[in-house]
file work-v8.pdb (PDB, C-alpha atoms, pLDDT in the B column)
ATOM      1  CA  MET A   9       8.005  -2.427  16.534  1.00 93.00           C
ATOM      2  CA  LYS A  10      10.389  -4.881  14.894  1.00 97.00           C
ATOM      3  CA  ILE A  11       8.658  -8.163  14.167  1.00 98.00           C
ATOM      4  CA  CYS A  12      10.362 -11.294  12.867  1.00 98.00           C
ATOM      5  CA  GLY A  13       8.158 -13.647  10.877  1.00 98.00           C
ATOM      6  CA  ILE A  14       9.278 -17.265  10.797  1.00 98.00           C
ATOM      7  CA  GLU A  15       8.364 -20.217   8.654  1.00 97.00           C
ATOM      8  CA  LEU A  16       9.768 -23.584   9.711  1.00 96.00           C
ATOM      9  CA  LYS A  17      10.719 -25.967   6.911  1.00 94.00           C
ATOM     10  CA  ALA A  18      12.722 -29.175   7.308  1.00 91.00           C
ATOM     11  CA  ASN A  19      15.756 -28.062   9.347  1.00 95.00           C
ATOM     12  CA  ASN A  20      15.540 -24.344   8.401  1.00 96.00           C
ATOM     13  CA  ILE A  21      13.952 -21.331   9.990  1.00 97.00           C
ATOM     14  CA  ILE A  22      13.125 -18.861   7.262  1.00 98.00           C
ATOM     15  CA  LEU A  23      13.195 -15.271   8.522  1.00 98.00           C
ATOM     16  CA  ALA A  24      11.582 -12.017   7.427  1.00 98.00           C
ATOM     17  CA  VAL A  25      11.827  -8.870   9.559  1.00 98.00           C
ATOM     18  CA  ILE A  26       9.517  -5.885   9.334  1.00 97.00           C
ATOM     19  CA  ASP A  27       9.488  -2.600  11.195  1.00 96.00           C
ATOM     20  CA  ASN A  28       6.279  -0.537  11.053  1.00 93.00           C
ATOM     21  CA  LYS A  29       5.028  -2.565   8.061  1.00 91.00           C
ATOM     22  CA  GLU A  30       8.295  -1.959   6.171  1.00 95.00           C
ATOM     23  CA  TYR A  31      10.394  -4.964   5.167  1.00 97.00           C
ATOM     24  CA  ILE A  32      14.005  -4.861   6.331  1.00 97.00           C
ATOM     25  CA  ASP A  33      16.328  -6.677   3.945  1.00 97.00           C
ATOM     26  CA  LEU A  34      18.839  -8.372   6.232  1.00 97.00           C
ATOM     27  CA  LYS A  35      21.848 -10.452   5.271  1.00 96.00           C
ATOM     28  CA  ILE A  36      20.587 -13.452   7.283  1.00 96.00           C
ATOM     29  CA  LYS A  37      17.444 -14.851   5.713  1.00 97.00           C
ATOM     30  CA  LYS A  38      17.505 -18.333   7.234  1.00 97.00           C
ATOM     31  CA  ILE A  39      19.177 -20.262  10.025  1.00 98.00           C
ATOM     32  CA  ILE A  40      19.834 -23.975   9.675  1.00 97.00           C
ATOM     33  CA  LEU A  41      19.916 -26.645  12.362  1.00 97.00           C
ATOM     34  CA  GLU A  42      22.525 -28.980  10.882  1.00 96.00           C
ATOM     35  CA  ASP A  43      22.044 -32.005  13.171  1.00 96.00           C
ATOM     36  CA  ASP A  44      19.101 -32.101  15.572  1.00 95.00           C
ATOM     37  CA  GLU A  45      20.628 -35.038  17.471  1.00 95.00           C
ATOM     38  CA  SER A  46      23.852 -33.214  18.334  1.00 96.00           C
ATOM     39  CA  GLN A  47      23.797 -31.132  21.514  1.00 97.00           C
ATOM     40  CA  GLU A  48      26.646 -29.030  20.135  1.00 97.00           C
ATOM     41  CA  GLU A  49      24.698 -28.254  16.938  1.00 97.00           C
ATOM     42  CA  ILE A  50      21.556 -27.414  18.916  1.00 96.00           C
ATOM     43  CA  ARG A  51      23.537 -24.986  21.085  1.00 96.00           C
ATOM     44  CA  LYS A  52      25.100 -23.472  17.963  1.00 97.00           C
ATOM     45  CA  PHE A  53      21.622 -23.035  16.445  1.00 97.00           C
ATOM     46  CA  CYS A  54      20.262 -21.417  19.647  1.00 96.00           C
ATOM     47  CA  ASN A  55      23.236 -19.068  19.964  1.00 97.00           C
ATOM     48  CA  GLU A  56      23.024 -18.051  16.312  1.00 97.00           C
ATOM     49  CA  PHE A  57      19.298 -17.353  16.681  1.00 98.00           C
ATOM     50  CA  LEU A  58      19.719 -15.343  19.898  1.00 97.00           C
ATOM     51  CA  LEU A  59      22.516 -13.331  18.305  1.00 97.00           C
ATOM     52  CA  PHE A  60      20.217 -12.605  15.340  1.00 98.00           C
ATOM     53  CA  LEU A  61      17.496 -11.357  17.728  1.00 98.00           C
ATOM     54  CA  GLU A  62      19.934  -9.166  19.661  1.00 97.00           C
ATOM     55  CA  GLN A  63      21.703  -7.673  16.644  1.00 97.00           C
ATOM     56  CA  ASN A  64      18.435  -6.799  14.925  1.00 97.00           C
ATOM     57  CA  GLN A  65      16.619  -5.688  18.095  1.00 97.00           C
ATOM     58  CA  ILE A  66      13.635  -7.951  17.440  1.00 97.00           C
ATOM     59  CA  GLU A  67      10.701  -7.198  19.745  1.00 97.00           C
ATOM     60  CA  LYS A  68       8.270  -9.920  18.665  1.00 98.00           C
ATOM     61  CA  ILE A  69       8.384 -13.235  16.805  1.00 98.00           C
ATOM     62  CA  VAL A  70       5.475 -14.626  14.797  1.00 98.00           C
ATOM     63  CA  ILE A  71       5.729 -18.267  13.720  1.00 97.00           C
ATOM     64  CA  LYS A  72       3.533 -19.783  11.046  1.00 96.00           C
ATOM     65  CA  LYS A  73       1.923 -22.875  12.607  1.00 93.00           C
ATOM     66  CA  ARG A  74       2.308 -26.284  11.049  1.00 88.00           C
ATOM     67  CA  ALA A  75      -0.211 -29.099  11.126  1.00 81.00           C
ATOM     68  CA  LYS A  76       0.389 -31.655  13.863  1.00 83.00           C
ATOM     69  CA  LYS A  77      -1.047 -34.518  11.856  1.00 80.00           C
ATOM     70  CA  GLY A  78      -2.130 -35.325   8.336  1.00 78.00           C
ATOM     71  CA  ASN A  79      -0.466 -34.969   4.939  1.00 75.00           C
ATOM     72  CA  PHE A  80       0.991 -31.530   5.641  1.00 70.00           C
ATOM     73  CA  ALA A  81       2.142 -32.232   9.193  1.00 75.00           C
ATOM     74  CA  GLY A  82       5.379 -30.651  10.317  1.00 78.00           C
ATOM     75  CA  GLY A  83       8.354 -32.899  10.908  1.00 85.00           C
ATOM     76  CA  ALA A  84       9.792 -33.640  14.336  1.00 88.00           C
ATOM     77  CA  VAL A  85      12.744 -31.314  13.739  1.00 94.00           C
ATOM     78  CA  THR A  86      10.469 -28.320  13.066  1.00 93.00           C
ATOM     79  CA  PHE A  87       8.665 -28.878  16.356  1.00 92.00           C
ATOM     80  CA  LYS A  88      12.005 -29.069  18.151  1.00 95.00           C
ATOM     81  CA  MET A  89      13.104 -25.783  16.543  1.00 96.00           C
ATOM     82  CA  GLU A  90       9.788 -24.167  17.467  1.00 95.00           C
ATOM     83  CA  GLY A  91      10.313 -25.133  21.110  1.00 95.00           C
ATOM     84  CA  LEU A  92      13.822 -23.682  21.078  1.00 96.00           C
ATOM     85  CA  ILE A  93      12.529 -20.434  19.553  1.00 97.00           C
ATOM     86  CA  GLN A  94       9.747 -20.167  22.153  1.00 96.00           C
ATOM     87  CA  LEU A  95      12.295 -20.507  24.959  1.00 96.00           C
ATOM     88  CA  ASN A  96      14.193 -17.368  23.908  1.00 95.00           C
ATOM     89  CA  PRO A  97      14.353 -14.860  26.773  1.00 95.00           C
ATOM     90  CA  LEU A  98      14.515 -11.750  24.574  1.00 94.00           C
ATOM     91  CA  CYS A  99      11.035 -11.297  23.122  1.00 95.00           C
ATOM     92  CA  GLU A 100       7.510 -12.646  22.967  1.00 96.00           C
ATOM     93  CA  VAL A 101       6.587 -15.421  20.540  1.00 97.00           C
ATOM     94  CA  GLU A 102       3.201 -15.842  18.885  1.00 97.00           C
ATOM     95  CA  LEU A 103       1.924 -18.636  16.664  1.00 97.00           C
ATOM     96  CA  ILE A 104      -0.331 -17.848  13.721  1.00 97.00           C
ATOM     97  CA  SER A 105      -2.330 -20.298  11.640  1.00 95.00           C
ATOM     98  CA  ALA A 106      -2.083 -20.635   7.885  1.00 92.00           C
ATOM     99  CA  GLN A 107      -5.821 -19.863   7.675  1.00 94.00           C
ATOM    100  CA  THR A 108      -5.332 -16.543   9.490  1.00 95.00           C
ATOM    101  CA  ILE A 109      -2.503 -15.600   7.128  1.00 95.00           C
ATOM    102  CA  SER A 110      -4.563 -16.588   4.087  1.00 93.00           C
ATOM    103  CA  SER A 111      -7.576 -14.609   5.322  1.00 94.00           C
ATOM    104  CA  PHE A 112      -5.388 -11.549   5.952  1.00 94.00           C
ATOM    105  CA  GLU A 113      -3.881 -11.829   2.475  1.00 92.00           C
ATOM    106  CA  LYS A 114      -7.346 -11.987   0.862  1.00 93.00           C
ATOM    107  CA  LYS A 115      -8.623  -8.950   2.771  1.00 94.00           C
ATOM    108  CA  ASN A 116      -5.549  -6.791   2.149  1.00 92.00           C
ATOM    109  CA  SER A 117      -3.664  -5.829  -0.959  1.00 89.00           C
ATOM    110  CA  ILE A 118      -0.081  -6.815  -0.240  1.00 91.00           C
ATOM    111  CA  ASP A 119       2.816  -5.677  -2.366  1.00 91.00           C
ATOM    112  CA  PHE A 120       5.796  -7.905  -1.722  1.00 94.00           C
ATOM    113  CA  PRO A 121       9.060  -5.950  -1.581  1.00 95.00           C
ATOM    114  CA  GLU A 122      11.369  -6.574  -4.543  1.00 95.00           C
ATOM    115  CA  SER A 123      14.238  -7.593  -2.263  1.00 96.00           C
ATOM    116  CA  LEU A 124      12.098 -10.290  -0.598  1.00 97.00           C
ATOM    117  CA  LYS A 125      13.028 -13.775  -1.775  1.00 96.00           C
ATOM    118  CA  LYS A 126      10.196 -16.044  -2.932  1.00 97.00           C
ATOM    119  CA  TYR A 127      10.912 -18.562  -0.153  1.00 97.00           C
ATOM    120  CA  GLN A 128      10.483 -15.775   2.462  1.00 97.00           C
ATOM    121  CA  GLU A 129       6.912 -14.876   1.493  1.00 96.00           C
ATOM    122  CA  GLN A 130       5.140 -16.922   4.189  1.00 96.00           C
ATOM    123  CA  ALA A 131       7.495 -15.638   6.891  1.00 97.00           C
ATOM    124  CA  PHE A 132       6.889 -12.073   5.639  1.00 97.00           C
ATOM    125  CA  LEU A 133       3.104 -12.558   5.667  1.00 96.00           C
ATOM    126  CA  SER A 134       3.270 -13.998   9.184  1.00 96.00           C
ATOM    127  CA  ALA A 135       4.996 -10.875  10.467  1.00 96.00           C
ATOM    128  CA  TYR A 136       3.051  -8.417   8.297  1.00 96.00           C
ATOM    129  CA  SER A 137      -0.341  -9.760   9.380  1.00 93.00           C
ATOM    130  CA  GLN A 138       0.549  -9.108  13.034  1.00 91.00           C
ATOM    131  CA  SER A 139       2.060  -5.632  12.616  1.00 84.00           C
TER     132      SER A 139
END

call {"tool": "encode", "arguments": {"input": "work-v8.pdb", "output": "structure tokens"}}
result
Amino acid sequence: MKICGIELKANNIILAVIDNKEYIDLKIKKIILEDDESQEEIRKFCNEFLLFLEQNQIEKIVIKKRAKKGNFAGGAVTFKMEGLIQLNPLCEVELISAQTISSFEKKNSIDFPESLKKYQEQAFLSAYSQS
């Protein structure tokens, strides 16, 4: 099963795809929402994301949750992107907490693939913990 792990940061969705616990090094590693107030840019973002899902035959999406309040709360744009991702008609979307990811990482010895970029680690762990 192809799973896409996602971490939302600022106006980026950081992507990491795994298939049967094996990391797939894809050309697209992040998708950016340039202007969250522009309908045209939001449509462009949605179309780019849907195309990514179709081309890579993604069966499941796992998004790392962000705090809703407090010092580490996610920004408004990340919540907007999360909503757009959840509305995709192609595959199921699951949210996973940072605590669940951390617990999984402590209980399992995880070797990060060499081709995985440092900024993709949380997205990778999100997907890997649900595979």

call {"tool": "resolve_selection", "arguments": {"input": "work-v8.pdb", "expression": "the PyMOL selection byres ((chain A and resi 26) around 9)", "output": "number ranges by chain"}}
result
A: 9-13, 24-25, 27-33, 132, 135-136, 139

call {"tool": "atom_distance", "arguments": {"input": "work-v8.pdb", "atom1": "atom CA of Lys73 of chain A", "atom2": "atom CA of Glu100 of chain A"}}
result
15.6 Å

call {"tool": "residues_around", "arguments": {"input": "work-v8.pdb", "residues": "segment 107-121 of chain A", "least_positions_apart": "3", "cutoff": "9 Å", "atoms": "only C-alpha atoms", "output": "list in words"}}
result
Glu30, Tyr31, Lys72, Ile104, Leu124, Lys125, Glu129, Gln130, Phe132, Leu133, Ser134 and Ser137 of chain A

call {"tool": "closest_residue", "arguments": {"input": "work-v8.pdb", "among": "A:Ala84, A:Ile69, A:Ile39, A:Ile22", "to": "Pro97 of chain A", "atoms": "all atoms listed in the file"}}
result
A:Ile69

call {"tool": "resolve_selection", "arguments": {"input": "work-v8.pdb", "expression": "the PyMOL selection byres ((chain A and resi 54) around 12)", "output": "VMD selection string"}}
result
chain A and resid 21 39 to 42 44 47 to 53 55 to 61 88 to 97

call {"tool": "resolve_selection", "arguments": {"input": "work-v8.pdb", "expression": "the PyMOL selection byres ((chain A and resi 74) around 9)", "output": "PyMOL selection string"}}
result
chain A and resi 15-16+72-73+75-77+80-83+86-87+105-106
